[in-house]
$ cat protein_9.cif   # mmCIF, C-alpha atoms
data_model
loop_
_atom_site.label_atom_id
_atom_site.label_comp_id
_atom_site.auth_asym_id
_atom_site.auth_seq_id
_atom_site.Cartn_x
_atom_site.Cartn_y
_atom_site.Cartn_z
CA MET A 1 0.00 0.00 0.00
CA THR A 2 3.00 2.30 0.57
CA ASN A 3 3.63 2.83 -3.16
CA GLN A 4 -0.04 3.57 -3.73
CA LEU A 5 0.00 5.99 -0.78
CA GLN A 6 2.88 7.90 -2.37
CA LEU A 7 1.02 7.97 -5.69
CA TYR A 8 -2.17 9.21 -4.03
CA LYS A 9 -0.29 11.98 -2.22
CA ALA A 10 0.49 13.35 -5.69
CA VAL A 11 -3.21 13.40 -6.59
CA GLU A 12 -4.81 16.77 -5.87
CA LEU A 13 -8.13 15.09 -5.03
CA PHE A 14 -6.53 13.90 -1.80
CA ASN A 15 -4.63 17.11 -0.99
CA GLY A 16 -5.10 17.92 2.70
CA LEU A 17 -5.88 14.36 3.83
CA THR A 18 -3.76 12.49 6.38
CA ASN A 19 -2.02 9.25 5.45
CA GLU A 20 -4.66 7.32 7.37
CA GLN A 21 -7.47 9.06 5.50
CA ILE A 22 -5.80 8.39 2.14
CA GLU A 23 -5.36 4.73 3.10
CA ALA A 24 -9.09 4.55 3.82
CA LEU A 25 -9.70 5.73 0.24
CA ILE A 26 -7.17 3.23 -1.11
CA THR A 27 -9.12 0.40 0.51
CA ILE A 28 -12.24 1.31 -1.50
CA SER A 29 -10.45 1.79 -4.84
CA GLN A 30 -10.01 -0.91 -7.44
CA GLU A 31 -7.26 -0.96 -10.05
CA GLU A 32 -8.33 -1.29 -13.68
CA VAL A 33 -5.92 -1.64 -16.63
CA TYR A 34 -6.77 -0.63 -20.20
CA GLN A 35 -4.99 -0.93 -23.52
CA GLU A 36 -4.56 1.72 -26.23
CA ASP A 37 -7.89 2.86 -27.71
CA GLN A 38 -9.91 0.74 -25.27
CA VAL A 39 -13.08 2.50 -24.11
CA ILE A 40 -13.34 2.89 -20.33
CA PHE A 41 -16.93 4.09 -20.50
CA SER A 42 -19.23 5.57 -23.15
CA GLN A 43 -21.36 8.68 -23.26
CA ASP A 44 -24.89 8.05 -21.93
CA ASP A 45 -23.81 4.94 -19.99
CA GLU A 46 -25.00 4.62 -16.42
CA GLY A 47 -22.18 5.85 -14.23
CA GLU A 48 -21.41 4.66 -10.72
CA LYS A 49 -17.65 5.05 -10.54
CA MET A 50 -15.10 7.85 -10.46
CA TYR A 51 -11.58 7.20 -11.77
CA ILE A 52 -8.08 8.36 -10.87
CA ILE A 53 -5.36 8.04 -13.52
CA ARG A 54 -2.25 6.37 -12.11
CA SER A 55 -0.39 6.10 -15.42
CA GLY A 56 -1.00 6.85 -19.08
CA GLN A 57 -3.42 9.30 -20.63
CA VAL A 58 -7.10 9.18 -21.55
CA GLU A 59 -9.10 11.05 -24.18
CA ILE A 60 -12.42 12.63 -23.21
CA SER A 61 -14.77 12.98 -26.20
CA VAL A 62 -18.36 14.06 -26.68
CA GLN A 63 -20.92 13.43 -29.42
CA ALA A 64 -23.45 16.25 -29.87
CA ASP A 65 -25.90 13.66 -31.21
CA ARG A 66 -25.79 10.06 -32.43
CA GLN A 67 -25.08 11.09 -36.03
CA ALA A 68 -22.35 13.60 -35.19
CA PRO A 69 -18.65 12.67 -35.03
CA ALA A 70 -17.13 12.52 -31.57
CA GLU A 71 -15.25 15.69 -30.63
CA THR A 72 -12.24 15.37 -28.35
CA LYS A 73 -12.65 17.77 -25.43
CA ILE A 74 -9.44 17.16 -23.51
CA PHE A 75 -6.70 14.67 -22.72
CA LEU A 76 -6.09 13.84 -19.06
CA GLY A 77 -2.87 12.39 -17.67
CA GLN A 78 -1.40 11.08 -14.44
CA GLY A 79 -3.06 12.29 -11.26
CA GLN A 80 -6.24 13.50 -12.96
CA ILE A 81 -9.76 12.35 -12.18
CA PHE A 82 -12.66 11.63 -14.50
CA GLY A 83 -16.15 10.23 -14.16
CA GLU A 84 -16.76 12.49 -11.17
CA ILE A 85 -19.80 14.22 -12.69
CA ALA A 86 -21.95 11.08 -12.73
CA LEU A 87 -20.71 10.28 -9.24
CA ILE A 88 -21.95 13.63 -7.98
CA ASP A 89 -25.17 14.19 -9.92
CA TYR A 90 -26.27 10.54 -10.47
CA GLY A 91 -26.77 11.28 -14.18
CA THR A 92 -25.53 9.28 -17.14
CA ARG A 93 -22.00 9.68 -18.50
CA SER A 94 -21.55 13.05 -20.18
CA ALA A 95 -18.61 11.88 -22.33
CA THR A 96 -16.79 8.86 -23.71
CA VAL A 97 -13.39 8.07 -22.19
CA ARG A 98 -10.75 6.09 -24.10
CA ALA A 99 -7.27 4.98 -23.05
CA MET A 100 -4.47 6.52 -25.11
CA ASN A 101 -1.69 4.15 -24.09
CA ASP A 102 -1.18 0.46 -23.49
CA GLU A 103 -1.16 -0.34 -19.78
CA THR A 104 -3.14 2.76 -18.84
CA ILE A 105 -3.81 2.19 -15.13
CA VAL A 106 -6.75 3.81 -13.36
CA ASP A 107 -8.20 3.38 -9.89
CA ALA A 108 -11.99 3.21 -9.75
CA ILE A 109 -13.96 4.34 -6.72
CA HIS A 110 -17.59 3.20 -6.59
CA ARG A 111 -20.20 5.78 -5.59
CA ASP A 112 -21.72 3.63 -2.83
CA SER A 113 -18.35 2.93 -1.22
CA PHE A 114 -17.40 6.60 -1.55
CA ASN A 115 -20.64 7.80 0.01
CA GLN A 116 -20.33 5.32 2.88
CA LEU A 117 -16.79 6.48 3.58
CA CYS A 118 -17.80 10.15 3.47
CA GLN A 119 -20.69 9.50 5.85
CA SER A 120 -18.45 7.65 8.29
CA SER A 121 -15.80 10.40 8.07
CA THR A 122 -17.20 13.81 7.28
CA ALA A 123 -13.64 15.21 7.38
CA ILE A 124 -12.71 13.04 4.37
CA GLY A 125 -15.96 13.96 2.66
CA PHE A 126 -15.39 17.70 3.12
CA VAL A 127 -11.80 17.66 1.83
CA VAL A 128 -12.51 15.41 -1.16
CA MET A 129 -15.64 17.36 -2.16
CA ARG A 130 -13.72 20.66 -1.86
CA ASN A 131 -10.94 19.23 -4.02
CA LEU A 132 -13.49 17.95 -6.54
CA ALA A 133 -14.87 21.48 -6.81
CA ILE A 134 -11.37 22.90 -7.30
CA ASP A 135 -10.66 20.29 -9.99
CA LEU A 136 -13.86 21.17 -11.85
CA SER A 137 -12.98 24.88 -11.69
CA TYR A 138 -9.48 24.08 -12.98
CA LYS A 139 -11.01 22.24 -15.96
CA LEU A 140 -13.22 25.27 -16.63
CA ARG A 141 -10.16 27.53 -16.52
CA HIS A 142 -8.45 25.21 -19.03
CA GLN A 143 -11.41 25.52 -21.41
CA ASN A 144 -11.41 29.31 -20.98
CA LEU A 145 -7.69 29.45 -21.82
CA ARG A 146 -8.31 27.32 -24.91
CA SER A 147 -10.84 29.82 -26.17
CA THR A 148 -8.28 32.64 -25.84
CA LYS A 149 -5.64 30.74 -27.88
CA ARG A 150 -7.81 30.26 -30.96
CA MET B 1 6.12 19.78 -5.39
CA VAL B 2 3.49 18.41 -7.78
CA TYR B 3 2.85 20.55 -10.86
CA LYS B 4 -0.68 20.38 -12.19
CA VAL B 5 -0.30 21.70 -15.71
CA SER B 6 -2.97 22.87 -18.14
CA TYR B 7 -1.43 22.42 -21.59
CA VAL B 8 -3.12 24.57 -24.22
CA VAL B 9 -2.18 24.17 -27.89
CA LEU B 10 -1.67 27.28 -30.01
CA GLY B 11 -4.38 27.64 -32.61
CA GLY B 12 -7.11 26.21 -30.44
CA ALA B 13 -8.04 23.25 -32.65
CA HIS B 14 -6.39 20.70 -30.34
CA PRO B 15 -8.15 20.25 -26.97
CA GLY B 16 -4.96 20.22 -24.92
CA ALA B 17 -4.44 18.32 -21.69
CA ILE B 18 -4.22 18.46 -17.93
CA ILE B 19 -1.37 16.44 -16.42
CA ASN B 20 0.22 16.17 -12.97
CA GLN B 21 4.00 15.98 -13.07
CA PHE B 22 6.90 16.22 -10.66
CA GLU B 23 9.11 18.35 -12.91
CA GLN B 24 8.27 21.97 -13.63
CA PRO B 25 7.55 22.46 -17.34
CA LYS B 26 10.08 24.70 -19.04
CA VAL B 27 10.04 26.67 -22.27
CA GLY B 28 11.65 24.55 -24.99
CA GLY B 29 10.74 21.29 -23.27
CA HIS B 30 8.61 18.62 -24.93
CA VAL B 31 5.40 16.96 -23.82
CA LYS B 32 3.36 14.13 -25.34
CA ILE B 33 -0.39 14.75 -25.44
CA GLY B 34 -2.48 11.91 -26.82
CA LYS B 35 -0.53 10.62 -29.81
CA ASN B 36 1.28 13.88 -30.65
CA THR B 37 4.38 15.62 -29.27
CA PHE B 38 4.45 19.34 -28.49
CA GLU B 39 7.04 21.98 -27.63
CA ILE B 40 6.41 24.27 -24.66
CA VAL B 41 6.53 27.94 -25.67
CA GLU B 42 5.21 29.67 -22.54
CA VAL B 43 4.60 28.80 -18.87
CA ASN B 44 2.54 30.86 -16.40
CA GLU B 45 0.99 30.37 -12.97
CA LEU B 46 -2.73 29.64 -13.38
CA MET B 47 -3.76 29.69 -9.72
CA PRO B 48 -1.76 30.27 -6.51
CA ALA B 49 0.03 27.17 -5.19
CA ARG B 50 -1.82 25.29 -2.47
CA GLY B 51 -0.13 22.75 -0.20
CA ASP B 52 2.26 20.66 -2.27
CA PHE B 53 0.53 21.58 -5.52
CA ALA B 54 1.45 24.27 -8.04
CA PHE B 55 -1.09 25.14 -10.73
CA LEU B 56 0.45 26.10 -14.06
CA HIS B 57 -0.65 26.92 -17.57
CA ALA B 58 1.65 26.02 -20.46
CA THR B 59 1.16 27.06 -24.07
CA VAL B 60 2.52 24.50 -26.55
CA LYS B 61 2.91 24.01 -30.31
CA GLN B 62 2.94 20.71 -32.18
CA ILE B 63 6.33 19.46 -33.38
CA GLY B 64 5.67 15.90 -34.46
CA LYS B 65 3.16 13.10 -34.67
CA SER B 66 3.68 9.60 -33.33
CA LYS B 67 3.16 6.66 -35.64
CA LYS B 68 -0.14 4.89 -35.12
CA LYS B 69 -0.01 1.15 -34.45
#
$ encode --input "protein_9.cif" --output "structure tokens"
Amino acid sequence: MTNQLQLYKAVELFNGLTNEQIEALITISQEEVYQEDQVIFSQDDEGEKMYIIRSGQVEISVQADRQAPAETKIFLGQGQIFGEIALIDYGTRSATVRAMNDETIVDAIHRDSFNQLCQSSTAIGFVVMRNLAIDLSYKLRHQNLRSTKR
Amino acid sequence: MVYKVSYVVLGGAHPGAIINQFEQPKVGGHVKIGKNTFEIVEVNELMPARGDFAFLHATVKQIGKSKKK
């Protein structure tokens, strides 16, 4: 668990948590490995898990409608999270996520396990939810910067 | 220090990337985003550092394309 603890300490989602609190999150995460171009989940799927990228990159793409080509919205690399929107709002997946590299490793956290942990430790819940909000605002800032570089 | 970097590609057609890394990005350095490689042309602070995290914005331009399998 020590290696995973060091990895998680470099993930902003867990910034401000103690080692013990991070280890509690490690116990509810499950490693998943994907190969290049493998789809992790598709737009409109039911979504019950949030993911943390341990290695590799993923492509986030969106289809405006079923006939339209998918448009790549962003690439996310090590330490980034995705799938958090469906975890928060209980809606379907807002985008398709595809692995960009062989041996792309992600850690999945199931909504039910996450909610149970947050209810048992409101301190963990507060910090993680605050960091989720910061991450979403960072992604918005990235999109704003993109629009200024056109 | 962990550097959370927003990479934005000049021209705006490419979506760019967000990556955590342990080395500070530097002008002239290279970064792989998706299947393409880019050169860093500008680095700025995006938000004030918090804890062990620095939040940077890097502007990049494409220099090469990896071969597809």
$ interface_residues --input "protein_9.cif" --of "chain A" --to "chain B" --cutoff "12 Å" --atoms "all atoms listed in the file" --output "MDAnalysis selection string"
chainID A and resid 6:17 36:37 52:62 71:82 98:102 131 134:150
$ resolve_selection --input "protein_9.cif" --expression "the PyMOL selection byres ((chain B and resi 28) around 9)" --output "list in words"
Pro25, Lys26, Val27, Gly29, His30, Glu39, Ile40, Val41 and Glu42 of chain B
$ atom_distance --input "protein_9.cif" --atom1 "CA of Ala49 (chain B)" --atom2 "CA of Cys118 (chain A)"
26.1 Å
$ resolve_selection --input "protein_9.cif" --expression "the PyMOL selection byres ((chain A and resi 90-92) around 8)" --output "MDAnalysis selection string"
chainID A and resid 43:48 85:89 93:94
$ residues_around --input "protein_9.cif" --residues "Ile28 (chain A)" --least-positions-apart "5" --cutoff "8 Å" --atoms "only C-alpha atoms" --output "ChimeraX atom specification"
/A:109-110,113-114
$ atom_distance --input "protein_9.cif" --atom1 "CA of Glu103 (chain A)" --atom2 "CA of Ile26 (chain A)"
19.9 Å
$ atom_distance --input "protein_9.cif" --atom1 "CA of Thr122 (chain A)" --atom2 "CA of Gln4 (chain A)"
22.8 Å
$ resolve_selection --input "protein_9.cif" --expression "the PyMOL selection byres ((chain B and resi 37) around 7)" --output "list in words"
His30, Val31, Lys32, Ile33, Asn36, Phe38, Gln62, Ile63, Gly64 and Lys65 of chain B
$ closest_residue --input "protein_9.cif" --among "A:Leu5, A:Ala123, A:Ala133, A:Val39" --to "Glu23 (chain A)" --atoms "all atoms listed in the file"
A:Leu5
